[in-house]
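Pasted below: upload.cif, mmCIF, C-alpha atoms and all ligand atoms.
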data_work
#
loop_
_atom_site.label_atom_id
_atom_site.label_comp_id
_atom_site.auth_asym_id
_atom_site.auth_seq_id
_atom_site.Cartn_x
_atom_site.Cartn_y
_atom_site.Cartn_z
CA MET Q 191 190.37 183.20 -47.89
CA ALA Q 192 190.51 180.83 -44.95
CA ARG Q 193 192.92 178.00 -44.46
CA VAL Q 194 192.83 175.21 -41.89
CA VAL Q 195 196.21 174.49 -40.33
CA LYS Q 196 197.53 172.24 -37.58
CA ARG Q 197 198.67 174.38 -34.71
CA ALA Q 198 200.19 173.53 -31.33
CA PHE Q 199 198.90 175.30 -28.22
CA LYS Q 200 201.21 175.00 -25.25
CA TYR Q 201 200.22 175.46 -21.61
CA ARG Q 202 201.73 174.95 -18.20
CA PHE Q 203 200.14 172.43 -15.90
CA TYR Q 204 200.63 171.32 -12.33
CA PRO Q 205 200.62 167.52 -11.92
CA THR Q 206 199.59 165.82 -8.69
CA GLY Q 207 202.32 163.81 -7.02
CA GLU Q 208 200.86 160.66 -8.50
CA GLN Q 209 200.64 162.14 -12.01
CA ALA Q 210 204.22 163.43 -11.83
CA ALA Q 211 205.45 159.99 -10.77
CA GLN Q 212 203.52 158.34 -13.60
CA LEU Q 213 204.88 160.81 -16.16
CA LEU Q 214 208.48 160.51 -14.94
CA ARG Q 215 208.14 156.72 -15.17
CA THR Q 216 206.78 157.14 -18.72
CA PHE Q 217 209.74 159.35 -19.69
CA GLY Q 218 212.10 156.70 -18.33
CA CYS Q 219 210.39 153.91 -20.28
CA ILE Q 220 210.41 156.00 -23.47
CA ARG Q 221 214.14 156.59 -23.08
CA LEU Q 222 214.77 152.88 -22.50
CA VAL Q 223 212.63 151.72 -25.44
CA TYR Q 224 214.14 154.33 -27.76
CA ASN Q 225 217.68 153.35 -26.79
CA MET Q 226 217.03 149.62 -27.10
CA ALA Q 227 215.42 150.08 -30.52
CA LEU Q 228 218.34 152.26 -31.63
CA GLN Q 229 220.75 149.61 -30.40
CA ALA Q 230 218.86 146.88 -32.30
CA ARG Q 231 218.81 148.92 -35.50
CA THR Q 232 222.49 149.79 -35.25
CA GLU Q 233 223.49 146.16 -34.62
CA ALA Q 234 221.35 144.84 -37.45
CA TRP Q 235 223.08 147.25 -39.77
CA THR Q 236 226.67 146.80 -38.62
CA ARG Q 237 226.46 142.99 -38.37
CA ARG Q 238 224.13 142.03 -41.19
CA GLN Q 239 223.76 145.23 -43.30
CA GLU Q 240 220.08 144.92 -42.58
CA ARG Q 241 217.68 147.82 -42.18
CA ILE Q 242 215.09 147.38 -39.44
CA ASN Q 243 212.00 149.53 -39.91
CA TYR Q 244 209.38 150.85 -37.52
CA ASN Q 245 207.20 147.73 -37.73
CA ALA Q 246 210.09 145.50 -36.78
CA THR Q 247 210.97 147.64 -33.74
CA SER Q 248 207.29 147.66 -32.77
CA ALA Q 249 207.33 143.83 -32.79
CA LEU Q 250 210.50 143.93 -30.67
CA LEU Q 251 208.70 146.14 -28.15
CA THR Q 252 205.87 143.59 -27.85
CA GLY Q 253 208.50 140.93 -27.14
CA TRP Q 254 210.29 143.06 -24.51
CA LYS Q 255 207.06 143.64 -22.63
CA ARG Q 256 206.58 139.86 -22.27
CA THR Q 257 209.92 139.31 -20.55
CA ASP Q 258 210.17 139.37 -16.75
CA ASP Q 259 212.95 141.96 -16.77
CA LEU Q 260 210.99 144.47 -18.79
CA ALA Q 261 207.48 143.73 -17.57
CA PHE Q 262 207.44 147.20 -15.97
CA LEU Q 263 206.97 148.65 -19.46
CA ASN Q 264 203.33 147.58 -19.12
CA GLU Q 265 202.84 150.01 -16.24
CA VAL Q 266 202.86 153.01 -18.55
CA SER Q 267 200.68 153.80 -21.57
CA CYS Q 268 201.94 151.99 -24.65
CA VAL Q 269 201.14 154.88 -27.00
CA PRO Q 270 204.05 157.18 -26.02
CA LEU Q 271 206.39 154.18 -26.36
CA GLN Q 272 205.10 153.50 -29.89
CA GLN Q 273 205.45 157.21 -30.68
CA ALA Q 274 209.08 157.10 -29.53
CA LEU Q 275 209.68 154.32 -32.07
CA ARG Q 276 208.03 156.50 -34.74
CA HIS Q 277 210.31 159.40 -33.75
CA LEU Q 278 213.28 157.08 -34.12
CA GLN Q 279 212.01 156.07 -37.57
CA ASN Q 280 211.79 159.77 -38.56
CA ALA Q 281 215.29 160.37 -37.21
CA TYR Q 282 216.51 157.59 -39.51
CA ILE Q 283 214.61 158.96 -42.50
CA ASN Q 284 216.27 162.35 -41.94
CA PHE Q 285 219.63 160.62 -41.55
CA TRP Q 286 219.25 158.65 -44.79
CA ALA Q 287 218.20 161.83 -46.62
CA ARG Q 288 221.38 163.48 -45.28
CA ARG Q 289 219.36 166.10 -43.43
CA ALA Q 290 220.54 165.04 -39.99
CA LYS Q 291 223.24 163.16 -38.14
CA HIS Q 292 222.81 159.54 -37.07
CA PRO Q 293 220.39 159.30 -34.10
CA THR Q 294 222.07 159.16 -30.70
CA PHE Q 295 221.09 157.52 -27.44
CA LYS Q 296 218.80 159.48 -25.14
CA SER Q 297 220.38 160.41 -21.84
CA ARG Q 298 218.62 160.99 -18.53
CA LYS Q 299 220.45 164.27 -17.98
CA ARG Q 300 220.77 165.81 -21.41
CA SER Q 301 217.72 164.71 -23.40
CA ARG Q 302 214.37 166.43 -23.50
CA HIS Q 303 211.79 164.77 -21.27
CA SER Q 304 208.62 164.43 -23.29
CA ALA Q 305 205.87 161.95 -24.10
CA GLU Q 306 203.52 162.08 -27.07
CA TYR Q 307 199.94 160.78 -26.76
CA THR Q 308 197.71 160.20 -29.78
CA ALA Q 309 193.91 160.24 -29.61
CA SER Q 310 193.54 156.69 -28.30
CA ALA Q 311 195.62 157.53 -25.22
CA PHE Q 312 193.79 160.55 -23.83
CA ARG Q 313 190.26 161.68 -23.16
CA TRP Q 314 189.14 165.20 -24.07
CA ARG Q 315 185.77 166.16 -22.54
CA ASP Q 316 184.37 169.64 -21.97
CA GLY Q 317 187.78 171.24 -21.94
CA THR Q 318 189.39 168.73 -19.59
CA LEU Q 319 192.23 166.45 -20.57
CA THR Q 320 192.82 163.06 -18.97
CA LEU Q 321 195.78 160.94 -20.04
CA ALA Q 322 195.87 157.14 -20.22
CA LYS Q 323 196.69 155.41 -16.91
CA MET Q 324 195.55 158.47 -14.96
CA ALA Q 325 192.43 158.86 -12.88
CA GLU Q 326 192.23 162.66 -12.75
CA PRO Q 327 192.42 165.25 -15.51
CA LEU Q 328 195.50 167.48 -15.76
CA ASP Q 329 195.38 170.81 -13.92
CA ILE Q 330 196.11 173.04 -16.94
CA VAL Q 331 196.59 176.82 -16.75
CA TRP Q 332 194.61 178.05 -19.75
CA SER Q 333 196.74 181.13 -20.44
CA ARG Q 334 194.99 181.63 -23.79
CA PRO Q 335 191.88 180.03 -25.24
CA LEU Q 336 191.89 177.15 -27.69
CA PRO Q 337 190.11 177.92 -31.00
CA ASP Q 338 186.32 177.50 -30.79
CA GLY Q 339 185.28 173.87 -30.88
CA ALA Q 340 188.90 172.70 -31.16
CA SER Q 341 189.69 169.17 -30.13
CA PRO Q 342 193.32 168.03 -29.90
CA SER Q 343 194.54 165.24 -32.18
CA THR Q 344 197.89 164.81 -30.40
CA VAL Q 345 199.01 165.80 -26.91
CA THR Q 346 202.64 166.16 -25.84
CA VAL Q 347 203.63 166.36 -22.19
CA SER Q 348 207.08 167.66 -21.29
CA CYS Q 349 209.13 168.75 -18.31
CA ASP Q 350 211.97 171.24 -18.75
CA ARG Q 351 215.22 171.51 -16.84
CA ALA Q 352 213.78 174.16 -14.58
CA GLY Q 353 211.23 171.55 -13.45
CA ARG Q 354 208.23 173.16 -15.17
CA TRP Q 355 205.56 170.95 -16.72
CA PHE Q 356 203.99 171.73 -20.10
CA VAL Q 357 201.30 170.21 -22.25
CA SER Q 358 201.10 170.97 -25.95
CA LEU Q 359 197.80 170.35 -27.77
CA LEU Q 360 197.83 169.94 -31.53
CA CYS Q 361 194.56 171.32 -32.92
CA ASP Q 362 193.05 172.46 -36.18
CA ASP Q 363 192.92 176.23 -36.43
CA VAL Q 364 191.52 178.48 -39.13
CA ILE Q 365 193.83 181.15 -40.55
CA THR Q 366 192.22 184.02 -42.41
CA GLN Q 367 194.45 184.95 -45.31
CA THR Q 368 194.34 188.64 -46.15
CA PRO Q 369 196.16 190.11 -49.14
CA ALA Q 370 199.42 192.00 -48.58
CA THR Q 371 201.93 193.70 -50.83
CA GLY Q 372 205.58 194.62 -50.75
CA MET Q 373 208.84 192.91 -50.02
CA VAL Q 374 211.23 193.34 -47.14
CA GLY Q 375 214.86 192.28 -46.60
CA ILE Q 376 216.03 191.31 -43.11
CA ASP Q 377 219.55 191.30 -41.71
CA ALA Q 378 220.46 189.52 -38.48
CA GLY Q 379 222.75 191.45 -36.19
CA LEU Q 380 224.28 191.37 -32.77
CA ASP Q 381 223.59 194.91 -31.56
CA SER Q 382 220.00 194.98 -32.65
CA LEU Q 383 218.33 191.63 -33.07
CA LEU Q 384 217.20 192.31 -36.65
CA THR Q 385 217.32 195.17 -39.12
CA LEU Q 386 214.74 195.63 -41.88
CA SER Q 387 215.45 197.13 -45.29
CA THR Q 388 212.89 199.81 -44.39
CA GLY Q 389 215.39 201.10 -41.83
CA GLU Q 390 213.49 199.75 -38.86
CA LYS Q 391 215.65 198.17 -36.16
CA ILE Q 392 214.25 195.50 -33.93
CA THR Q 393 215.91 195.33 -30.56
CA ASN Q 394 216.33 192.41 -28.21
CA PRO Q 395 213.52 191.66 -25.78
CA ARG Q 396 213.39 193.87 -22.73
CA HIS Q 397 215.42 192.75 -19.71
CA GLU Q 398 217.51 190.42 -21.83
CA ARG Q 399 220.78 192.20 -21.13
CA ALA Q 400 220.17 192.01 -17.38
CA ASP Q 401 219.10 188.37 -17.68
CA ARG Q 402 222.25 187.50 -19.57
CA GLN Q 403 224.42 189.05 -16.88
CA ARG Q 404 222.50 187.11 -14.26
CA LEU Q 405 222.97 183.95 -16.32
CA ALA Q 406 226.73 184.48 -16.64
CA ARG Q 407 226.96 184.99 -12.86
CA ALA Q 408 224.88 181.86 -12.16
CA GLN Q 409 227.05 179.83 -14.53
CA ARG Q 410 230.21 180.99 -12.76
CA GLY Q 411 228.58 179.99 -9.48
CA LEU Q 412 227.76 176.54 -10.85
CA ALA Q 413 231.31 176.00 -12.05
CA ARG Q 414 232.61 176.59 -8.50
CA LYS Q 415 230.33 173.98 -6.88
CA GLN Q 416 231.67 170.55 -6.12
CA LYS Q 417 230.50 167.78 -8.44
CA GLY Q 418 227.74 165.63 -6.97
CA SER Q 419 226.98 168.06 -4.13
CA ALA Q 420 223.52 169.28 -3.19
CA ASN Q 421 224.64 172.86 -3.78
CA ARG Q 422 225.60 171.98 -7.32
CA THR Q 423 222.11 170.63 -7.99
CA LYS Q 424 220.63 173.85 -6.60
CA ALA Q 425 222.97 175.95 -8.74
CA ARG Q 426 222.05 173.93 -11.82
CA VAL Q 427 218.33 174.55 -11.31
CA LYS Q 428 219.08 178.26 -10.91
CA VAL Q 429 220.96 178.33 -14.24
CA ALA Q 430 218.14 176.38 -15.89
CA ARG Q 431 215.53 178.85 -14.59
CA ILE Q 432 217.35 181.86 -16.01
CA HIS Q 433 217.89 180.06 -19.32
CA ALA Q 434 214.18 179.25 -19.44
CA ARG Q 435 213.20 182.85 -18.72
CA ILE Q 436 215.44 184.20 -21.51
CA ALA Q 437 214.11 181.58 -23.93
CA ASP Q 438 210.46 182.31 -23.04
CA ARG Q 439 210.78 186.06 -23.51
CA ARG Q 440 212.70 185.53 -26.71
CA ARG Q 441 210.03 183.23 -28.13
CA ASP Q 442 207.18 185.59 -27.27
CA HIS Q 443 209.09 188.46 -28.84
CA LEU Q 444 209.80 186.49 -32.02
CA HIS Q 445 206.19 185.29 -32.26
CA GLN Q 446 204.88 188.85 -32.18
CA LEU Q 447 207.47 189.96 -34.69
CA THR Q 448 207.03 187.13 -37.21
CA THR Q 449 203.23 187.40 -37.07
CA ARG Q 450 203.47 191.12 -37.79
CA LEU Q 451 205.92 190.56 -40.67
CA VAL Q 452 203.86 187.91 -42.45
CA ARG Q 453 200.65 189.90 -41.97
CA GLU Q 454 202.11 193.11 -43.40
CA THR Q 455 204.32 191.85 -46.22
CA GLN Q 456 203.87 189.54 -49.19
CA ALA Q 457 207.52 188.55 -49.59
CA ILE Q 458 210.26 188.34 -46.99
CA VAL Q 459 213.93 187.91 -47.90
CA ILE Q 460 216.40 186.51 -45.38
CA GLU Q 461 219.93 185.25 -45.72
CA ASP Q 462 221.09 181.74 -45.07
CA LEU Q 463 223.08 182.25 -41.91
CA ALA Q 464 224.35 178.70 -41.84
CA VAL Q 465 226.78 179.89 -44.51
CA ALA Q 466 227.70 183.17 -42.86
CA ASN Q 467 228.27 181.78 -39.39
CA MET Q 468 230.93 179.27 -40.23
CA VAL Q 469 233.24 181.18 -37.93
CA LYS Q 470 232.94 179.66 -34.48
CA ASN Q 471 232.30 182.05 -31.66
CA HIS Q 472 231.66 180.65 -28.22
CA ARG Q 473 230.50 183.83 -26.60
CA LEU Q 474 227.18 183.57 -24.82
CA ALA Q 475 225.65 186.46 -26.77
CA ARG Q 476 226.52 184.79 -30.03
CA ALA Q 477 225.10 181.43 -29.00
CA ILE Q 478 221.83 183.00 -27.93
CA SER Q 479 221.43 185.10 -31.06
CA ASP Q 480 222.20 182.11 -33.29
CA ALA Q 481 219.50 180.11 -31.55
CA ALA Q 482 217.14 183.06 -31.91
CA TRP Q 483 217.85 183.27 -35.63
CA ARG Q 484 217.06 179.59 -36.17
CA GLN Q 485 213.84 180.02 -34.23
CA PHE Q 486 212.97 183.18 -36.17
CA ARG Q 487 213.47 181.38 -39.46
CA THR Q 488 211.41 178.34 -38.45
CA MET Q 489 208.54 180.60 -37.36
CA LEU Q 490 208.76 182.59 -40.60
CA GLU Q 491 208.70 179.36 -42.64
CA TYR Q 492 205.51 177.97 -41.17
CA LYS Q 493 203.73 181.28 -40.80
CA ALA Q 494 204.54 182.25 -44.40
CA ALA Q 495 202.94 178.95 -45.47
CA TRP Q 496 199.89 179.65 -43.28
CA TYR Q 497 199.31 183.10 -44.68
CA GLY Q 498 200.30 182.34 -48.27
CA ARG Q 499 203.42 184.52 -48.26
CA ASP Q 500 206.79 184.00 -49.96
CA LEU Q 501 209.91 183.41 -47.94
CA ILE Q 502 213.04 183.84 -50.02
CA VAL Q 503 216.34 182.61 -48.62
CA VAL Q 504 219.49 183.94 -50.26
CA ASP Q 505 222.99 182.58 -49.79
CA ARG Q 506 225.27 185.06 -48.18
CA TRP Q 507 228.16 184.51 -50.52
CA PHE Q 508 228.02 188.16 -51.52
CA PRO Q 509 229.40 190.77 -49.10
CA SER Q 510 226.09 192.25 -47.96
CA THR Q 511 227.69 194.66 -45.46
CA ARG Q 512 230.45 196.08 -47.68
CA LEU Q 513 228.38 196.49 -50.83
CA CYS Q 514 226.90 199.99 -51.37
CA SER Q 515 223.15 199.51 -51.82
CA ALA Q 516 222.96 202.81 -53.75
CA CYS Q 517 225.68 202.41 -56.43
CA GLY Q 518 226.89 198.83 -56.09
CA ALA Q 519 230.50 199.74 -55.29
CA LEU Q 520 232.41 197.47 -52.96
CA ALA Q 521 233.96 199.09 -49.89
CA GLN Q 522 237.18 198.02 -48.19
CA LYS Q 523 237.23 195.45 -45.42
CA MET Q 524 235.01 196.55 -42.58
CA PRO Q 525 235.60 195.59 -38.95
CA LEU Q 526 232.58 194.90 -36.76
CA ARG Q 527 232.96 198.18 -34.82
CA VAL Q 528 232.23 200.27 -37.93
CA ARG Q 529 228.52 201.04 -37.59
CA GLU Q 530 228.27 203.70 -40.30
CA TRP Q 531 230.21 204.34 -43.48
CA THR Q 532 230.22 206.67 -46.47
CA CYS Q 533 230.56 205.41 -50.04
CA PRO Q 534 232.56 207.43 -52.62
CA CYS Q 535 229.21 207.96 -54.40
CA GLY Q 536 228.13 210.09 -51.43
CA ALA Q 537 225.68 207.66 -49.84
CA VAL Q 538 225.93 207.42 -46.05
CA HIS Q 539 225.09 203.95 -44.83
CA ASP Q 540 224.07 202.47 -41.54
CA ARG Q 541 225.90 199.15 -41.65
CA ASP Q 542 222.91 196.92 -40.87
CA VAL Q 543 220.29 198.83 -42.91
CA ASN Q 544 222.62 198.72 -45.91
CA ALA Q 545 223.02 194.95 -45.47
CA ALA Q 546 219.24 194.50 -45.24
CA ARG Q 547 218.79 196.53 -48.46
CA ASN Q 548 221.32 194.33 -50.26
CA ILE Q 549 219.48 191.24 -49.08
CA LEU Q 550 216.23 192.73 -50.40
CA ALA Q 551 217.94 193.46 -53.75
CA ALA Q 552 219.13 189.85 -53.94
CA GLY Q 553 215.56 188.69 -53.31
CA LEU Q 554 214.21 191.06 -55.97
CA ALA Q 555 216.74 189.70 -58.46
CA VAL Q 556 215.43 186.20 -57.80
CA THR Q 557 211.77 187.16 -58.36
CA ALA Q 558 212.64 189.28 -61.43
CA CYS Q 559 214.02 186.15 -63.06
CA GLY Q 560 210.55 184.64 -62.75
CA ASP Q 561 211.63 181.73 -60.62
CA ASP Q 562 209.06 180.15 -58.44
CA VAL Q 563 210.51 181.01 -55.08
CA ARG Q 564 207.80 179.65 -52.86
CA PRO Q 565 209.39 177.45 -50.22
CA GLN Q 566 208.45 173.80 -50.05
CA ARG Q 567 205.42 173.29 -47.90
CA GLY Q 568 204.62 170.82 -45.19
CA THR Q 569 207.99 170.50 -43.54
CA SER Q 570 207.52 173.00 -40.76
CA ARG Q 571 208.00 170.39 -38.05
CA THR Q 572 211.66 170.07 -38.80
CA GLY Q 573 212.11 173.01 -41.16
CA GLN Q 574 215.17 171.24 -42.41
CA SER Q 575 214.16 169.83 -45.73
CA SER Q 576 212.61 173.07 -46.92
CA ALA Q 577 215.70 174.99 -45.92
CA LYS Q 578 217.88 172.66 -47.93
CA GLN Q 579 215.63 172.66 -50.95
CA GLU Q 580 214.77 176.28 -51.38
CA THR Q 581 218.25 177.71 -51.05
CA PRO Q 582 219.68 176.65 -54.41
CA ARG Q 583 216.49 177.68 -56.15
CA ALA Q 584 216.36 181.06 -54.49
CA THR Q 585 219.95 181.94 -55.29
CA LYS Q 586 219.46 181.29 -58.95
CA GLY Q 587 219.53 184.54 -60.85
CA ILE Q 588 221.50 186.71 -58.45
CA PRO Q 589 223.84 188.77 -60.61
CA VAL Q 590 227.53 188.02 -60.18
CA LEU Q 591 229.12 190.94 -58.37
ZN ZN Y 1 227.85 204.03 -53.36
#

Go through the file and emit its structure as structure tokens.
Ligand SMILES: [Zn+2]
Amino acid sequence: MARVVKRAFKYRFYPTGEQAAQLLRTFGCIRLVYNMALQARTEAWTRRQERINYNATSALLTGWKRTDDLAFLNEVSCVPLQQALRHLQNAYINFWARRAKHPTFKSRKRSRHSAEYTASAFRWRDGTLTLAKMAEPLDIVWSRPLPDGASPSTVTVSCDRAGRWFVSLLCDDVITQTPATGMVGIDAGLDSLLTLSTGEKITNPRHERADRQRLARAQRGLARKQKGSANRTKARVKVARIHARIADRRRDHLHQLTTRLVRETQAIVIEDLAVANMVKNHRLARAISDAAWRQFRTMLEYKAAWYGRDLIVVDRWFPSTRLCSACGALAQKMPLRVREWTCPCGAVHDRDVNAARNILAAGLAVTACGDDVRPQRGTSRTGQSSAKQETPRATKGIPVL
């Protein structure tokens, strides 16, 4: 069976000086328009209890462009500005649905620099991409091919903190769905990235340990530099580069892993770590592995939908590490350093494998009850609403321990 899905293909590109200037100006205008619209919406609500929608902010934008002070907004393509207003609208929808916090102002230093172009604002001819208000096409490094005959419907240009430029092309792609069987439980760990109920342990990407040490050193270096100095700027770019390298390797690693998992298995059971990780831990390793887990889950969600697989999310209110997966007895409190333990029933457990088996058992209990455990579809862009909706359904039917 084949299925057509929307898929983003991301590439690096090298802008000319003129293009970079145009894009940086666009980012600045997007930030300004977004912040002014947010301000208008907030004021309308606090002063008059009035909700301003996308159309109203769009009309405001037309007005701003006519004033002398803001005439420079006409120098950039209007489409990314409109898209920013749409993003603000979505942020409000998520806020009203209690899926997200109230939108905040974009900042020049902290916010992501990106601009979204819809079909009317770019030209796609023979594999070259030219954006509105630009004379030349972008110099894209085609690190992998687009699907045959693909033509992008949306294009997003971004620049990361390490100063690298990216373009992401949203295209239709055909996924061939092949049947698979079996069910696997997955536990997230610190020592090994993930542990499967089959006993397989998935380690962190290569070089990550060394990269983390380098990152810690660079961060210490940055902390010593005087605020506002040129050396501090240099140190900040260095930190950003190492961060970017860790994140890139991580993402590649997780892509390979999640693709393999959804191809091989019909049902995948994971735990809802938002519940387990209530304990704050500011260590670098922890922060990175938490981010990796969120990314892993998002990838699993959309790839499971692509391939027609089931993703079952179980609440971790049961003690998955201390529970014997062979006899169901509950062991005493177990500090993190205990990697292996023996149950009175005679079973010898690897801590993480045992946890993964318990997660699998929880998933099996859900399916045995005949619940429809398929996650909600069509929310892969945020991944938030599906996460919120499937959890209570998936936990239904887990026996009380
Ligand atoms: Zn036992």

**OP:** Collect all residues with atoms no farther than 6 Å from ligand ZN 1 (chain Y), counting only C-alpha atoms and all ligand atoms, and output them as a list of chain:residue names.
**Re:**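 Using only C-alpha atoms and all ligand atoms, I find these residues within 6 Å of ligand ZN 1 (chain Y): Q:Cys514, Q:Ala516, Q:Cys517, Q:Gly518, Q:Ala519, Q:Cys533, Q:Pro534, Q:Cys535, Q:Ala537.
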
Original post:
Can you tell me, as a ChimeraX atom specification, what residues are no more than 8 Å from Q:Ala546 when counting only C-alpha atoms, ignoring any on the same chain fewer than 4 positions away?
Top reply: /Q:375-377,385-387,510,542,550

**OP:** Could you please determine the separation between atom CA of Q:Leu260 and atom CA of Q:Gly218 in Å, to one decimal place?
**Re:**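 Straight-line distance from atom CA of Q:Leu260 to atom CA of Q:Gly218 works out to 12.3 Å.
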
**OP:** Quick one: everything within 12 Å of Q:Thr232, counting only C-alpha atoms, minus sequence neighbours fewer than 3 positions away in the same chain. Send it as a list in words.
**Re:**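 These residues fall inside the cut-off: Asn225, Met226, Ala227, Leu228, Gln229, Trp235, Thr236, Arg237, Arg238, Gln239, Glu240, Arg241, Ile242, Asn243, Thr247, Leu278, Tyr282, His292, Pro293, Thr294 and Phe295 of chain Q.
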
Subject >> All residues 10 Å or closer to Q:Lys200, only C-alpha atoms, same chain fewer than 3 positions away omitted, as a PyMOL selection string >> reply: chain Q and resi 197+203+330-334+336+345-347+356-360

Go ahead and dump the residues you just picked, C-alpha atoms, as a PDB file, keeping the file's coordinate frame.
ATOM      1  CA  ARG Q 197     198.670 174.380 -34.710  1.00  0.00           C
ATOM      2  CA  PHE Q 203     200.140 172.430 -15.900  1.00  0.00           C
ATOM      3  CA  ILE Q 330     196.110 173.040 -16.940  1.00  0.00           C
ATOM      4  CA  VAL Q 331     196.590 176.820 -16.750  1.00  0.00           C
ATOM      5  CA  TRP Q 332     194.610 178.050 -19.750  1.00  0.00           C
ATOM      6  CA  SER Q 333     196.740 181.130 -20.440  1.00  0.00           C
ATOM      7  CA  ARG Q 334     194.990 181.630 -23.790  1.00  0.00           C
ATOM      8  CA  LEU Q 336     191.890 177.150 -27.690  1.00  0.00           C
ATOM      9  CA  VAL Q 345     199.010 165.800 -26.910  1.00  0.00           C
ATOM     10  CA  THR Q 346     202.640 166.160 -25.840  1.00  0.00           C
ATOM     11  CA  VAL Q 347     203.630 166.360 -22.190  1.00  0.00           C
ATOM     12  CA  PHE Q 356     203.990 171.730 -20.100  1.00  0.00           C
ATOM     13  CA  VAL Q 357     201.300 170.210 -22.250  1.00  0.00           C
ATOM     14  CA  SER Q 358     201.100 170.970 -25.950  1.00  0.00           C
ATOM     15  CA  LEU Q 359     197.800 170.350 -27.770  1.00  0.00           C
ATOM     16  CA  LEU Q 360     197.830 169.940 -31.530  1.00  0.00           C
TER      17      LEU Q 360
END

**OP:** Might you pull out every residue within 10 Å of Q:Lys493, with all atoms listed in the file counted and same-chain residues fewer than 2 positions away left off, and present them as a list in words?
**Re:** Ile365, His445, Thr448, Thr449, Leu451, Val452, Arg453, Arg487, Thr488, Met489, Leu490, Glu491, Ala495, Trp496, Tyr497, Gly498, Arg499, Leu501 and Ser570 of chain Q

**OP:** Just the residues within 12 Å of Q:Leu222, please, counting only C-alpha atoms, with nothing from its chain fewer than 6 positions along; format it as a list in words.
**Re:**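 Counting only the stated atoms, we get Arg215, Thr216, Leu228, Gln229, Leu251, Trp254, Leu260, Phe262, Leu263, Leu271, Ala274, Leu275, Phe295, Lys296, Ser297 and Arg298 of chain Q.
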
If you keep C-alpha atoms, can you produce a file of those selected residues as a CSV table (one decimal), in the frame of the given file?
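See result37.csv below for the written result:
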chain,number,residue,atom,x,y,z
Q,215,ARG,CA,208.1,156.7,-15.2
Q,216,THR,CA,206.8,157.1,-18.7
Q,228,LEU,CA,218.3,152.3,-31.6
Q,229,GLN,CA,220.8,149.6,-30.4
Q,251,LEU,CA,208.7,146.1,-28.2
Q,254,TRP,CA,210.3,143.1,-24.5
Q,260,LEU,CA,211.0,144.5,-18.8
Q,262,PHE,CA,207.4,147.2,-16.0
Q,263,LEU,CA,207.0,148.6,-19.5
Q,271,LEU,CA,206.4,154.2,-26.4
Q,274,ALA,CA,209.1,157.1,-29.5
Q,275,LEU,CA,209.7,154.3,-32.1
Q,295,PHE,CA,221.1,157.5,-27.4
Q,296,LYS,CA,218.8,159.5,-25.1
Q,297,SER,CA,220.4,160.4,-21.8
Q,298,ARG,CA,218.6,161.0,-18.5

Original post:
With distances taken over all atoms listed in the file, which of Q:Arg440, Q:Pro327, Q:Arg407, Q:Arg399 is nearest to Q:Thr206?
Top reply: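 Closest to Q:Thr206, using all atoms listed in the file: Q:Pro327.
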
**OP:** Figure out the distance between atom CA of Q:Thr252 and atom CA of Q:Val223, please, to one decimal in Å.
**Re:** 10.8 Å

Subject >> For Q:Thr455, the nearest of the candidates Q:Cys349, Q:Ala325, Q:Ala370, Q:Ala378, counting all atoms listed in the file >> reply: Q:Ala370

Subject >> For Q:Met191, the nearest of the candidates Q:Gly253, Q:Pro369, Q:Pro342, Q:Pro205, counting all atoms listed in the file >> reply: Q:Pro369

Original post:
Pick the closest to Q:Arg404 from Q:Val374, Q:Ala420, Q:Val427, Q:Ile436: which is it, counting only C-alpha atoms?
Top reply: Q:Ile436

**OP:** Please indicate the distance in Å from atom CA of Q:Arg512 to atom CA of Q:Val459, rounded to one decimal place.
**Re:**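 Interatomic distance here is 18.4 Å.
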
**OP:** Counting all atoms listed in the file, figure out which residue out of Q:Ala482, Q:Ile283, Q:Ala425, Q:Ala406 gets nearest to Q:Ala437.
**Re:**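 Using all atoms listed in the file, Q:Ala437 sits closest to Q:Ala482.
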
Subject >> Cut-off 12 Å around (223.8, 187.8, -17.3) with all atoms listed in the file: residues as JSON, numbers by chain >> reply: {"Q": [397, 398, 399, 400, 401, 402, 403, 404, 405, 406, 407, 408, 409, 410, 429, 432, 433, 435, 436, 474, 475, 478]}

**OP:** Tell me which of Q:Trp286, Q:Ala198, Q:Ala340, Q:Lys299 sits closest to Q:Asp316, counting all atoms listed in the file.
**Re:**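 Ranked by minimum distance to Q:Asp316, first place goes to Q:Ala340.
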